[in-house]
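Shown below: entry_39.txt, with compact mmCIF, C-alpha atoms.
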```txt
# COMPACT_ATOMS: atom_id res chain seq x y z
CA MET A 304 13.98 12.74 9.83
CA HIS A 305 15.95 10.62 7.36
CA PRO A 306 13.64 8.58 5.08
CA ALA A 307 15.62 5.42 5.83
CA SER A 308 14.15 5.47 9.36
CA THR A 309 10.57 5.42 8.10
CA CYS A 310 9.33 1.87 8.67
CA GLY A 311 5.81 2.27 10.04
CA TYR A 312 4.16 3.97 7.09
CA PRO A 313 3.77 2.69 3.51
CA ILE A 314 5.97 5.13 1.64
CA ASN A 315 8.37 3.99 -1.10
CA PHE A 316 11.56 6.06 -1.19
CA GLU A 317 13.21 3.99 -3.92
CA PHE A 318 12.07 5.93 -7.00
CA ASP A 319 14.15 8.71 -8.52
CA TYR A 320 11.94 11.28 -10.24
CA GLY A 321 14.81 13.53 -11.31
CA PRO A 322 14.05 13.35 -15.07
CA VAL A 323 10.54 14.81 -14.60
CA ILE A 324 11.23 17.31 -11.82
CA GLU A 325 11.37 20.16 -14.34
CA PHE A 326 7.62 19.83 -14.88
CA LEU A 327 7.18 21.40 -11.44
CA ASN A 328 8.00 24.71 -13.10
CA MET A 329 4.73 24.49 -15.02
CA ARG A 330 1.34 25.56 -13.61
CA LEU A 331 -0.48 22.35 -14.48
CA ASN A 332 -4.16 22.07 -13.54
CA ASN A 333 -6.26 19.09 -14.66
CA ALA A 334 -9.55 20.81 -13.89
CA GLY A 335 -12.73 18.90 -14.66
CA ASP A 336 -13.23 15.53 -16.27
CA PRO A 337 -9.93 13.94 -17.41
CA PHE A 338 -11.52 12.81 -20.68
CA MET A 339 -12.72 16.30 -21.63
CA GLU A 340 -10.77 19.34 -22.69
CA CYS A 341 -11.47 22.42 -20.59
CA ASN A 342 -10.91 26.12 -21.21
CA TYR A 343 -7.67 26.04 -19.21
CA GLY A 344 -5.15 24.57 -21.61
CA ILE A 345 -2.10 23.97 -19.39
CA HIS A 346 -2.74 20.45 -18.11
CA SER A 347 -1.45 16.86 -18.28
CA LYS A 348 -4.65 15.00 -19.14
CA LYS A 349 -2.95 12.87 -21.81
CA PHE A 350 -0.58 11.56 -19.14
CA GLU A 351 -3.52 11.08 -16.80
CA ILE A 352 -5.45 9.02 -19.34
CA ALA A 353 -2.35 6.90 -20.00
CA VAL A 354 -2.14 6.14 -16.26
CA LEU A 355 -5.85 5.34 -16.10
CA ASP A 356 -5.57 3.03 -19.12
CA TRP A 357 -2.77 1.17 -17.35
CA PHE A 358 -4.83 0.55 -14.22
CA ALA A 359 -7.99 -0.32 -16.17
CA ARG A 360 -6.01 -3.04 -17.99
CA LEU A 361 -4.54 -4.22 -14.70
CA TRP A 362 -8.02 -4.68 -13.22
CA GLU A 363 -9.56 -5.97 -16.45
CA LEU A 364 -12.06 -3.26 -17.34
CA PRO A 365 -12.26 -2.54 -21.11
CA LYS A 366 -11.27 0.91 -22.30
CA ASP A 367 -14.78 1.74 -23.50
CA GLN A 368 -16.33 0.68 -20.17
CA TYR A 369 -14.18 2.42 -17.58
CA TRP A 370 -13.94 5.91 -16.16
CA GLY A 371 -11.51 7.23 -13.59
CA TYR A 372 -9.18 9.99 -12.53
CA VAL A 373 -6.00 10.73 -10.60
CA THR A 374 -7.09 11.76 -7.12
CA SER A 375 -5.37 13.57 -4.26
CA GLY A 376 -4.99 10.25 -2.41
CA GLY A 377 -6.79 7.21 -1.04
CA THR A 378 -9.27 9.28 0.96
CA GLU A 379 -10.58 11.05 -2.13
CA GLY A 380 -10.77 7.73 -3.96
CA ASN A 381 -12.85 6.26 -1.13
CA MET A 382 -15.06 9.32 -1.02
CA HIS A 383 -15.72 9.15 -4.76
CA GLY A 384 -16.40 5.42 -4.81
CA LEU A 385 -18.86 5.63 -1.92
CA LEU A 386 -20.50 8.71 -3.44
CA VAL A 387 -21.24 6.81 -6.65
CA GLY A 388 -22.68 3.98 -4.55
CA ARG A 389 -24.84 6.44 -2.62
CA GLU A 390 -26.06 8.12 -5.83
CA LEU A 391 -26.97 4.76 -7.38
CA PHE A 392 -28.72 3.67 -4.18
CA PRO A 393 -29.93 6.79 -2.30
CA GLU A 394 -31.52 4.64 0.41
CA GLY A 395 -28.49 2.41 0.75
CA ILE A 396 -26.57 1.56 3.93
CA ILE A 397 -22.76 1.47 4.04
CA TYR A 398 -21.28 -1.73 5.46
CA THR A 399 -17.59 -1.73 6.34
CA SER A 400 -15.36 -3.52 8.82
CA CYS A 401 -14.18 -2.02 12.10
CA ASP A 402 -10.62 -2.12 10.75
CA SER A 403 -11.42 0.08 7.75
CA HIS A 404 -9.53 3.31 7.05
CA TYR A 405 -10.95 6.30 8.88
CA SER A 406 -11.86 7.96 5.58
CA ILE A 407 -14.70 5.46 5.11
CA PHE A 408 -16.41 6.66 8.28
CA LYS A 409 -15.65 10.27 7.35
CA ALA A 410 -17.37 9.79 3.98
CA ALA A 411 -20.43 8.22 5.61
CA LYS A 412 -20.67 11.20 7.95
CA MET A 413 -20.27 13.74 5.15
CA TYR A 414 -22.89 12.04 2.97
CA ARG A 415 -25.19 11.44 5.94
CA VAL A 416 -25.47 7.75 5.11
CA GLN A 417 -26.08 5.15 7.78
CA CYS A 418 -22.86 3.20 8.33
CA ILE A 419 -22.88 -0.23 9.95
CA LYS A 420 -19.57 -1.51 11.30
CA ILE A 421 -18.84 -5.20 10.79
CA ASP A 422 -16.79 -7.10 13.35
CA THR A 423 -13.36 -8.38 12.38
CA LEU A 424 -11.24 -11.41 13.20
CA PHE A 425 -7.97 -10.85 15.05
CA SER A 426 -6.30 -10.82 11.63
CA GLY A 427 -8.22 -7.67 10.69
CA GLU A 428 -10.29 -9.49 8.07
CA MET A 429 -14.05 -8.98 8.01
CA ASP A 430 -16.17 -11.39 10.08
CA TYR A 431 -18.49 -12.75 7.39
CA ALA A 432 -20.96 -14.25 9.84
CA ASP A 433 -21.45 -10.79 11.33
CA LEU A 434 -21.85 -9.28 7.83
CA ARG A 435 -24.55 -11.82 7.01
CA ARG A 436 -26.30 -11.21 10.33
CA LYS A 437 -26.39 -7.43 9.87
CA LEU A 438 -27.45 -7.61 6.23
CA LEU A 439 -30.42 -9.77 7.20
CA GLN A 440 -31.44 -7.12 9.73
CA ASN A 441 -31.70 -4.52 6.95
CA THR A 442 -32.99 -6.36 3.88
CA ARG A 443 -35.19 -3.46 2.73
CA SER A 444 -32.25 -1.12 2.12
CA PRO A 445 -29.66 -1.64 -0.65
CA ALA A 446 -26.11 -2.40 0.49
CA ILE A 447 -23.06 -0.24 -0.23
CA VAL A 448 -20.12 -2.40 0.86
CA ASN A 449 -16.57 -1.23 1.37
CA VAL A 450 -14.18 -4.15 0.82
CA ASN A 451 -10.70 -3.72 2.28
CA ILE A 452 -7.91 -4.93 0.04
CA GLY A 453 -5.32 -4.51 2.78
CA THR A 454 -6.41 -2.93 6.06
CA THR A 455 -4.49 0.03 7.43
CA MET A 456 -3.04 -1.56 10.55
CA LYS A 457 -2.77 -5.28 9.75
CA GLY A 458 -2.82 -5.48 5.96
CA ALA A 459 -5.81 -7.84 5.99
CA VAL A 460 -7.64 -8.57 2.73
CA ASP A 461 -11.38 -9.09 2.85
CA ASP A 462 -12.66 -12.02 0.77
CA LEU A 463 -14.42 -10.33 -2.15
CA ASP A 464 -15.91 -13.58 -3.50
CA GLU A 465 -17.33 -14.50 -0.09
CA ILE A 466 -18.87 -11.04 0.31
CA VAL A 467 -20.54 -11.22 -3.12
CA MET A 468 -21.94 -14.66 -2.32
CA ILE A 469 -23.31 -13.46 1.02
CA LEU A 470 -24.96 -10.44 -0.61
CA GLU A 471 -26.67 -12.60 -3.22
CA ASN A 472 -27.71 -15.27 -0.71
CA CYS A 473 -29.20 -12.61 1.57
CA GLY A 474 -31.45 -11.27 -1.19
CA PHE A 475 -29.36 -8.28 -2.32
CA ALA A 476 -28.87 -9.37 -5.95
CA ASN A 477 -28.85 -6.24 -8.16
CA ARG A 478 -29.20 -4.13 -5.00
CA PHE A 479 -25.61 -3.68 -3.93
CA TYR A 480 -22.56 -1.61 -4.77
CA ILE A 481 -19.02 -2.68 -3.86
CA HIS A 482 -16.13 -0.27 -3.47
CA CYS A 483 -12.64 -1.71 -2.97
CA ASP A 484 -10.27 0.31 -0.80
CA SER A 485 -6.98 -0.97 -2.18
CA ALA A 486 -4.68 1.87 -1.11
CA LEU A 487 -1.49 -0.22 -0.81
CA VAL A 488 -2.27 -3.84 -1.69
CA GLY A 489 -4.38 -3.20 -4.79
CA LEU A 490 -1.25 -2.60 -6.85
CA MET A 491 0.48 -5.66 -5.38
CA MET A 492 -2.18 -8.39 -5.68
CA PRO A 493 -2.08 -8.74 -9.48
CA PHE A 494 1.61 -9.61 -9.17
CA ILE A 495 1.14 -12.32 -6.51
CA LYS A 496 0.34 -15.66 -8.18
CA GLN A 497 -1.51 -17.18 -5.22
CA ALA A 498 -3.53 -14.05 -4.44
CA PRO A 499 -7.27 -13.88 -5.17
CA LYS A 500 -7.97 -11.92 -8.32
CA LEU A 501 -8.99 -8.28 -8.06
CA THR A 502 -10.92 -7.66 -11.26
CA PHE A 503 -13.91 -5.82 -12.65
CA LYS A 504 -15.06 -9.14 -14.09
CA LYS A 505 -16.51 -9.51 -10.61
CA PRO A 506 -19.54 -7.35 -9.64
CA ILE A 507 -17.63 -4.44 -8.11
CA GLY A 508 -18.26 -0.76 -8.75
CA SER A 509 -14.94 0.93 -8.03
CA ILE A 510 -11.32 0.42 -6.96
CA CYS A 511 -8.89 3.02 -5.65
CA ILE A 512 -5.19 2.98 -4.80
CA SER A 513 -2.71 5.48 -3.37
CA GLY A 514 0.01 6.66 -5.74
CA HIS A 515 2.44 7.83 -3.06
CA LYS A 516 2.62 4.42 -1.38
CA PHE A 517 3.89 1.46 -3.38
CA ILE A 518 4.67 3.53 -6.48
CA GLY A 519 6.39 6.18 -4.36
CA CYS A 520 5.07 9.31 -6.06
CA PRO A 521 6.62 12.33 -4.27
CA ILE A 522 3.23 14.07 -4.34
CA PRO A 523 0.32 12.55 -2.35
CA CYS A 524 -2.07 11.20 -4.97
CA GLY A 525 -4.14 8.21 -5.96
CA VAL A 526 -6.05 6.52 -8.76
CA LEU A 527 -9.74 5.71 -8.92
CA ILE A 528 -11.23 3.39 -11.54
CA THR A 529 -14.98 2.89 -11.83
CA ARG A 530 -17.58 1.93 -14.44
CA LEU A 531 -18.39 4.49 -17.12
CA MET A 532 -22.10 3.63 -17.14
CA ASP A 533 -22.37 4.50 -13.44
CA ILE A 534 -20.66 7.87 -13.91
CA ASN A 535 -22.86 8.72 -16.88
CA HIS A 536 -25.90 7.82 -14.80
CA VAL A 537 -25.19 9.77 -11.62
CA MET A 538 -22.22 12.14 -11.94
CA SER A 539 -22.32 13.91 -15.29
CA THR A 540 -23.16 17.61 -14.83
CA ASN A 541 -21.79 20.09 -17.38
CA ILE A 542 -20.09 23.20 -15.94
CA GLU A 543 -19.99 26.01 -18.49
CA TYR A 544 -17.36 28.01 -16.55
CA ILE A 545 -14.65 25.40 -17.24
CA SER A 546 -16.32 23.81 -20.29
CA SER A 547 -16.17 20.36 -18.72
CA ASN A 548 -18.27 17.88 -16.79
CA ASP A 549 -18.22 17.92 -13.00
CA THR A 550 -17.40 14.26 -12.36
CA THR A 551 -14.60 14.51 -9.78
CA ILE A 552 -14.60 15.37 -6.07
CA ALA A 553 -12.12 18.23 -6.52
CA GLY A 554 -12.52 20.94 -9.16
CA SER A 555 -8.92 21.99 -9.74
CA ARG A 556 -6.72 18.88 -9.69
CA ASN A 557 -2.98 18.36 -9.50
CA GLY A 558 -1.55 18.15 -13.00
CA HIS A 559 1.92 17.06 -11.86
CA ALA A 560 0.91 13.82 -10.14
CA PRO A 561 -0.18 12.07 -13.40
CA ILE A 562 3.23 12.79 -14.94
CA PHE A 563 5.06 11.31 -11.95
CA LEU A 564 2.77 8.25 -11.96
CA TRP A 565 3.19 7.76 -15.71
CA TYR A 566 6.97 8.02 -15.40
CA ALA A 567 7.11 5.49 -12.54
CA LEU A 568 4.92 2.94 -14.32
CA LYS A 569 6.90 3.27 -17.54
CA ARG A 570 10.23 3.05 -15.75
CA ILE A 571 9.57 -0.03 -13.62
CA GLY A 572 7.07 -1.89 -15.85
CA TYR A 573 5.14 -5.08 -15.10
CA ASN A 574 8.23 -7.25 -14.64
CA GLY A 575 9.84 -4.72 -12.32
CA LEU A 576 6.70 -4.50 -10.18
CA CYS A 577 6.51 -8.28 -9.99
CA LYS A 578 10.11 -8.52 -8.71
CA THR A 579 9.60 -5.65 -6.27
CA VAL A 580 6.47 -7.25 -4.79
CA GLU A 581 8.26 -10.59 -4.46
CA ASN A 582 11.20 -9.00 -2.62
CA CYS A 583 8.92 -7.11 -0.24
CA LEU A 584 7.02 -10.29 0.65
CA LYS A 585 10.26 -12.17 1.32
CA ASN A 586 11.64 -9.39 3.49
CA ALA A 587 8.40 -9.19 5.48
CA GLN A 588 8.53 -12.91 6.15
CA TYR A 589 12.16 -12.57 7.23
CA LEU A 590 11.31 -9.77 9.66
CA ALA A 591 8.40 -11.72 11.16
CA LEU A 592 10.57 -14.81 11.59
CA ARG A 593 13.40 -12.91 13.27
CA LEU A 594 11.02 -11.12 15.65
CA ARG A 595 9.49 -14.45 16.62
CA GLU A 596 12.96 -15.89 17.27
CA MET A 597 13.60 -12.89 19.57
CA GLY A 598 10.53 -13.83 21.59
CA VAL A 599 8.41 -10.97 20.22
CA SER A 600 4.71 -11.58 19.69
CA VAL A 601 4.23 -11.06 15.96
CA PHE A 602 1.64 -11.60 13.24
CA LEU A 603 1.84 -11.42 9.45
CA ASN A 604 -1.19 -11.90 7.24
CA ALA A 605 -0.73 -14.11 4.20
CA LEU A 606 0.21 -12.07 1.11
CA SER A 607 0.94 -9.04 3.29
CA ILE A 608 4.00 -6.85 3.85
CA THR A 609 2.62 -5.37 7.09
CA VAL A 610 4.34 -7.01 10.07
CA VAL A 611 2.35 -6.52 13.29
CA PHE A 612 4.04 -6.93 16.68
CA GLU A 613 3.84 -5.87 20.32
CA ARG A 614 4.16 -2.13 20.76
CA PRO A 615 7.64 -1.04 21.93
CA LYS A 616 7.62 0.70 25.30
CA ASP A 617 10.52 2.95 24.31
CA GLU A 618 8.85 6.00 22.73
CA THR A 619 12.22 7.31 21.54
CA PHE A 620 12.64 4.10 19.56
CA VAL A 621 9.08 4.44 18.18
CA ARG A 622 9.74 8.00 17.02
CA LYS A 623 13.14 7.18 15.53
CA TRP A 624 11.72 4.42 13.35
CA GLN A 625 8.42 6.28 12.80
CA LEU A 626 6.35 3.26 13.79
CA ALA A 627 2.58 3.33 13.40
CA CYS A 628 1.00 2.27 16.71
CA GLN A 629 -2.51 1.38 17.80
CA GLY A 630 -3.30 0.21 21.31
CA LYS A 631 -0.90 -2.58 22.26
CA ILE A 632 0.50 -3.16 18.79
CA ALA A 633 2.73 -1.49 16.22
CA HIS A 634 3.66 -2.40 12.69
CA VAL A 635 6.41 -2.20 10.12
CA VAL A 636 5.38 -1.95 6.47
CA VAL A 637 8.15 -3.62 4.49
CA MET A 638 8.29 -1.32 1.48
CA PRO A 639 10.96 -1.59 -1.27
CA ASN A 640 13.28 0.77 0.62
CA VAL A 641 13.08 -1.36 3.80
CA ARG A 642 15.88 -3.69 2.83
CA LEU A 643 17.57 -6.45 4.82
CA GLU A 644 20.33 -4.16 6.06
CA ARG A 645 17.72 -1.75 7.45
CA ILE A 646 15.68 -4.61 8.91
CA ASN A 647 18.71 -6.05 10.73
CA MET A 648 19.55 -2.64 12.17
CA PHE A 649 15.95 -2.28 13.36
CA LEU A 650 16.06 -5.73 14.97
CA GLU A 651 19.34 -4.99 16.75
CA GLU A 652 18.04 -1.75 18.25
CA PHE A 653 14.68 -3.29 19.17
CA THR A 654 16.45 -6.13 20.98
CA LYS A 655 18.50 -3.69 23.09
CA SER A 656 15.39 -1.61 23.84
CA ARG A 657 13.35 -4.64 25.00
CA ILE A 658 16.13 -5.91 27.26
CA ALA A 659 16.67 -2.48 28.83
CA LEU A 660 12.95 -2.05 29.60
CA HIS A 661 12.25 -5.72 30.43
CA GLN A 662 9.39 -5.58 27.94
CA GLU A 663 6.70 -8.21 27.93
CA GLN A 664 2.99 -7.79 27.32
CA CYS A 665 0.08 -9.95 26.29
CA VAL A 666 -1.28 -9.06 22.84
CA ALA A 667 -3.31 -12.23 22.22
CA GLY A 668 -6.41 -10.17 21.48
CA ASP A 669 -4.56 -8.34 18.71
CA VAL A 670 -2.44 -11.06 17.10
CA GLY A 671 -4.18 -14.28 18.19
CA GLN A 672 -3.31 -16.60 21.07
CA GLU A 673 -1.15 -18.79 18.83
CA ASN A 674 1.04 -15.79 17.97
CA CYS A 675 1.31 -14.30 21.45
CA LEU A 676 4.62 -15.11 23.16
CA CYS A 677 3.91 -13.65 26.59
CA SER A 678 4.75 -15.93 29.54
CA LEU A 679 1.07 -16.80 30.11
CA HIS A 680 0.49 -18.12 26.61
CA LEU A 681 3.90 -19.76 26.42
CA ASP A 682 3.07 -21.72 29.60
CA ARG A 683 -0.27 -22.77 28.12
CA LYS A 684 1.44 -23.99 24.96
CA LYS A 685 3.90 -26.05 27.04
CA GLU A 686 1.00 -27.55 29.03
CA ALA A 687 -0.81 -28.43 25.81
CA VAL A 688 2.28 -30.28 24.58
```

Just give me the structure as C-alpha cells.
Amino acid sequence: MHPASTCGYPINFEFDYGPVIEFLNMRLNNAGDPFMECNYGIHSKKFEIAVLDWFARLWELPKDQYWGYVTSGGTEGNMHGLLVGRELFPEGIIYTSCDSHYSIFKAAKMYRVQCIKIDTLFSGEMDYADLRRKLLQNTRSPAIVNVNIGTTMKGAVDDLDEIVMILENCGFANRFYIHCDSALVGLMMPFIKQAPKLTFKKPIGSICISGHKFIGCPIPCGVLITRLMDINHVMSTNIEYISSNDTTIAGSRNGHAPIFLWYALKRIGYNGLCKTVENCLKNAQYLALRLREMGVSVFLNALSITVVFERPKDETFVRKWQLACQGKIAHVVVMPNVRLERINMFLEEFTKSRIALHQEQCVAGDVGQENCLCSLHLDRKKEAV
C-alpha cells in the first residue's frame, strides 16, 4: 500500500533518513541503562542521551533530576511508567479513562494491579466527576493515574491540572503517581501557544511519546522521561553479566532508533516543529470544515489533529485510505504528509462513496448531538430555531 493513502494512523512519512541509513549495517545494541557503559561496546548511547536531554528540556526537568531511555514504542513507555508507579505504591490502584490505549489495561493485567476505568465525555476526555467519585470509594489505597495527552481514537487531552486538584482534594496528597501517555500529542503541545503546559514542574512521575509517529522514525520506537530519584529508589539492580543496571523493560535495546531520532530532531529543530504543528492543526480544521459542509457528522477536539467522523460503509474505501475505525466512527489523523492535495482527493472519493451507498447514520453518542448531522438531529435543530 502506498504511504500516501495512510490517513487513519499517526505515521509521518515526510522525513528522509537517507544520510543515516548506513548505520543499519552496524550491530548496535544499547543493552542496559543508557547512562552506564556495558561490556558490549557497539552501541549508540551517546546519541540516546542527546535525545533524552532534548526531551527533558522540552518538558522542563533538569539534567541532574531526570532519567529515561529510548523504548520500543508507546506501549513500553506506558508499561515502564506504570511499573515505577506500582513499585513506589505497591498497594496502589490504577485509574485510567475508558478511552485509554489498550496497553494501559495490558500493563495492569501483567502487573496484577487493580485497574478502575473512568467514564469519558463524548469528546474522549476523562469525566472528572466520575474520577472523584471512584477515588473517594478507595481512599485507603494510593492512586496511580494514567493521564491521556491525546487519546487514541479522538485525540482528547485529559486536564492534568484538574486531575491533580481532585487527587489533593480527595485526600491523596503525597499518595499518588501520575503517568502521562503522550504518544502523539506530547511532542505537539509545547509548540501550541494556547495549549496547557506539559511539564515536570507539575507533580507528574513520567511522560512517554512514540518516536515513529510525529517524528516519523522508520523504526517503531519511543521515549520515556521520568524522575531520577524514583528510578534510584525502585529500579536500580546491578547485572554483572552486562556490567550495567537493570532499569529498562527490555534488556537488549535497539541502538539504531536513537540515531534516527537524534537526526530528525537536529534536522527539523524547534522552529521546524512549531511550523509543522501549526500546519497540521490548520489542515485538520480544514478537513473537519469540509466534511461538515458535505453533511458528514464530524468532531474535532480543540488542539487536535484527529478528525473523527461517521464510519464509511464502503469497506473498500476504508481499506484504501487505511482508516482506523471503532464502532460507528472512523478518524483521519492529519499528519505532516496529509497535505491539502491529499485531503481534497480523500473528500472527493468519500463524497462519491456516500452518494453511491446513500449513507446516513446517527453518531450522536460518539460525536455529540450538536455535531451529528443525521436527519433526526437536523430536524431537532430546525425545531429549536

Rounded to one decimal, what separation in Å do you get between atom CA of A:Ile421 and atom CA of A:Val610?
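Here the two named atoms are 23.3 Å from each other.
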
Give me the residues within 9 Å of A:Pro365 as a list in words, counting only C-alpha atoms and dropping any in the same chain fewer than 5 places off.
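Selected residues are Asp356, Ala359 and Arg360 of chain A.
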
Sphere at (-6.1, -10.2, 18.9), radius 10 Å, counting only C-alpha atoms: residues as JSON, numbers by chain
{"A": [423, 424, 425, 426, 427, 602, 631, 632, 665, 666, 667, 668, 669, 670, 671, 672, 673, 674, 675]}

Go ahead and compute the interatomic distance for atom CA of A:Tyr369 and atom CA of A:Pro393, in Å to one decimal.
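Calculated distance between atom CA of A:Tyr369 and atom CA of A:Pro393 is 22.4 Å.
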
Contacts of A:Ser656 at 12 Å or less, counting only C-alpha atoms, minus same-chain residues fewer than 5 places along, as a tab-separated table (two decimals) with C-alpha atoms, in the frame of the given file?
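Wrote it out as part-v4.tsv, contents follow:
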```
chain	number	residue	atom	x	y	z
A	614	ARG	CA	4.16	-2.13	20.76
A	615	PRO	CA	7.64	-1.04	21.93
A	616	LYS	CA	7.62	0.70	25.30
A	617	ASP	CA	10.52	2.95	24.31
A	618	GLU	CA	8.85	6.00	22.73
A	619	THR	CA	12.22	7.31	21.54
A	620	PHE	CA	12.64	4.10	19.56
A	621	VAL	CA	9.08	4.44	18.18
A	649	PHE	CA	15.95	-2.28	13.36
A	650	LEU	CA	16.06	-5.73	14.97
A	651	GLU	CA	19.34	-4.99	16.75
A	661	HIS	CA	12.25	-5.72	30.43
A	662	GLN	CA	9.39	-5.58	27.94
A	663	GLU	CA	6.70	-8.21	27.93
```

Can I get the residues of stretch 537-577 of chain A within 9 Å of stretch 475-497 of chain A, each with the closest pair of atoms and their distance in Å to one decimal, using only C-alpha atoms, sorted chain first then ascending number, as a tab-separated table?
```
residue	atom	partner	partner_atom	distance
A:Tyr573	CA	A:Phe494	CA	8.3
A:Asn574	CA	A:Phe494	CA	8.9
A:Leu576	CA	A:Phe494	CA	7.3
A:Cys577	CA	A:Phe494	CA	5.1
```

Which neighbours of A:Asn541 fall inside 12 Å, counting all atoms listed in the file, when residues of the same chain fewer than 2 positions from it are skipped, and could you give them as a PyMOL selection string?
chain A and resi 335-336+339+341+535+538-539+543-551

Atoms kept (C-alpha atoms) for selection, written as a short mmCIF file (atom, residue, chain, number, x, y, z; two decimals), keeping the file's coordinate frame:
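That gives us result_33.cif:
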```cif
data_model
loop_
_atom_site.label_atom_id
_atom_site.label_comp_id
_atom_site.auth_asym_id
_atom_site.auth_seq_id
_atom_site.Cartn_x
_atom_site.Cartn_y
_atom_site.Cartn_z
CA GLY A 335 -12.73 18.90 -14.66
CA ASP A 336 -13.23 15.53 -16.27
CA MET A 339 -12.72 16.30 -21.63
CA CYS A 341 -11.47 22.42 -20.59
CA ASN A 535 -22.86 8.72 -16.88
CA MET A 538 -22.22 12.14 -11.94
CA SER A 539 -22.32 13.91 -15.29
CA GLU A 543 -19.99 26.01 -18.49
CA TYR A 544 -17.36 28.01 -16.55
CA ILE A 545 -14.65 25.40 -17.24
CA SER A 546 -16.32 23.81 -20.29
CA SER A 547 -16.17 20.36 -18.72
CA ASN A 548 -18.27 17.88 -16.79
CA ASP A 549 -18.22 17.92 -13.00
CA THR A 550 -17.40 14.26 -12.36
CA THR A 551 -14.60 14.51 -9.78
#
```

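Atom to atom, atom CA of A:Met456 and atom CA of A:Asn647 stand 22.2 Å apart.
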
Which one is closest to A:Pro521: A:Gly508, A:Gly474, A:Gly630, A:Gly376? Count all atoms listed in the file.
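Looking at the shortest contact to A:Pro521, the residue is A:Gly376.
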
May I have the residues within 12 Å of A:Ile510 as a PyMOL selection string, using all atoms listed in the file and disregarding those fewer than 4 positions away in the same chain?
chain A and resi 355+358-359+361-364+369-372+377+379-385+387+449-452+480-490+501-503+505-506+525-530

Could you list as a PyMOL selection string every residue that has an atom within 7 Å of (-31.4, 2.4, -0.7), using the file's coordinates and counting only C-alpha atoms?
chain A and resi 392-396+444-445

Show me, as a list in words, the residues that have an atom within 9 Å of stretch 581-591 of chain A when counting all atoms listed in the file, minus same-chain residues fewer than 3 positions from it.
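Here the answer would be Phe494, Ile495, Leu576, Cys577, Lys578, Leu594, Arg595, Glu596, Val601, Phe602, Leu603, Leu606, Ser607, Ile608, Thr609, Val610, Val611, Phe612, Val635, Val636, Val637, Met638, Pro639, Val641, Arg642, Leu643, Ile646, Asn647 and Leu650 of chain A.
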
Kindly indicate which residue among A:Gln629, A:Thr309, A:Ser375, A:Asn342 lies nearest to A:Gly558, using all atoms listed in the file for the distances.
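That would be A:Ser375, the residue with the smallest distance to A:Gly558.
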
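Distances to A:Phe318 were evaluated for A:Cys418, A:Leu470, A:Ala459, A:Ile518 using only C-alpha atoms, and the minimum falls at A:Ile518.
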
Find, counting all atoms listed in the file, the residue in A:Leu531, A:Ile407, A:Leu679, A:Ala567 that gets nearest to A:Phe517.
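Answer, going by the shortest atom-to-atom distance: A:Ala567.
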
In terms of the shortest atom-to-atom distance over all atoms listed in the file, which of A:Thr454, A:Ala432, A:Trp357, A:Ile534 is closest to A:Lys569?
A:Trp357

Have stretch 498-509 of chain A completed to N, CA and C atoms, please, and pass it along as a PDB file, in the frame of the given file.
```
ATOM      1  N   ALA A 498      -2.556 -14.992  -4.990  1.00  0.00           N
ATOM      2  CA  ALA A 498      -3.530 -14.050  -4.440  1.00  0.00           C
ATOM      3  C   ALA A 498      -4.863 -14.157  -5.178  1.00  0.00           C
ATOM      4  N   PRO A 499      -5.973 -13.925  -4.478  1.00  0.00           N
ATOM      5  CA  PRO A 499      -7.270 -13.880  -5.170  1.00  0.00           C
ATOM      6  C   PRO A 499      -7.279 -12.735  -6.161  1.00  0.00           C
ATOM      7  N   LYS A 500      -8.015 -12.893  -7.232  1.00  0.00           N
ATOM      8  CA  LYS A 500      -7.970 -11.920  -8.320  1.00  0.00           C
ATOM      9  C   LYS A 500      -8.839 -10.717  -8.002  1.00  0.00           C
ATOM     10  N   LEU A 501      -8.263  -9.534  -8.196  1.00  0.00           N
ATOM     11  CA  LEU A 501      -8.990  -8.280  -8.060  1.00  0.00           C
ATOM     12  C   LEU A 501      -9.300  -7.806  -9.471  1.00  0.00           C
ATOM     13  N   THR A 502     -10.557  -7.911  -9.874  1.00  0.00           N
ATOM     14  CA  THR A 502     -10.920  -7.660 -11.260  1.00  0.00           C
ATOM     15  C   THR A 502     -12.344  -7.146 -11.369  1.00  0.00           C
ATOM     16  N   PHE A 503     -12.570  -6.327 -12.391  1.00  0.00           N
ATOM     17  CA  PHE A 503     -13.910  -5.820 -12.650  1.00  0.00           C
ATOM     18  C   PHE A 503     -14.780  -6.866 -13.344  1.00  0.00           C
ATOM     19  N   LYS A 504     -14.230  -8.041 -13.609  1.00  0.00           N
ATOM     20  CA  LYS A 504     -15.060  -9.140 -14.090  1.00  0.00           C
ATOM     21  C   LYS A 504     -15.981  -9.632 -12.979  1.00  0.00           C
ATOM     22  N   LYS A 505     -15.646  -9.254 -11.758  1.00  0.00           N
ATOM     23  CA  LYS A 505     -16.510  -9.510 -10.610  1.00  0.00           C
ATOM     24  C   LYS A 505     -17.425  -8.291 -10.428  1.00  0.00           C
ATOM     25  N   PRO A 506     -18.557  -8.442  -9.741  1.00  0.00           N
ATOM     26  CA  PRO A 506     -19.540  -7.350  -9.640  1.00  0.00           C
ATOM     27  C   PRO A 506     -19.164  -6.240  -8.659  1.00  0.00           C
ATOM     28  N   ILE A 507     -18.054  -5.558  -8.960  1.00  0.00           N
ATOM     29  CA  ILE A 507     -17.630  -4.440  -8.110  1.00  0.00           C
ATOM     30  C   ILE A 507     -17.846  -3.137  -8.877  1.00  0.00           C
ATOM     31  N   GLY A 508     -17.989  -2.049  -8.133  1.00  0.00           N
ATOM     32  CA  GLY A 508     -18.260  -0.760  -8.750  1.00  0.00           C
ATOM     33  C   GLY A 508     -17.047   0.116  -8.914  1.00  0.00           C
ATOM     34  N   SER A 509     -16.091   0.029  -7.971  1.00  0.00           N
ATOM     35  CA  SER A 509     -14.940   0.930  -8.030  1.00  0.00           C
ATOM     36  C   SER A 509     -13.767   0.371  -7.227  1.00  0.00           C
TER      37      SER A 509
END
```
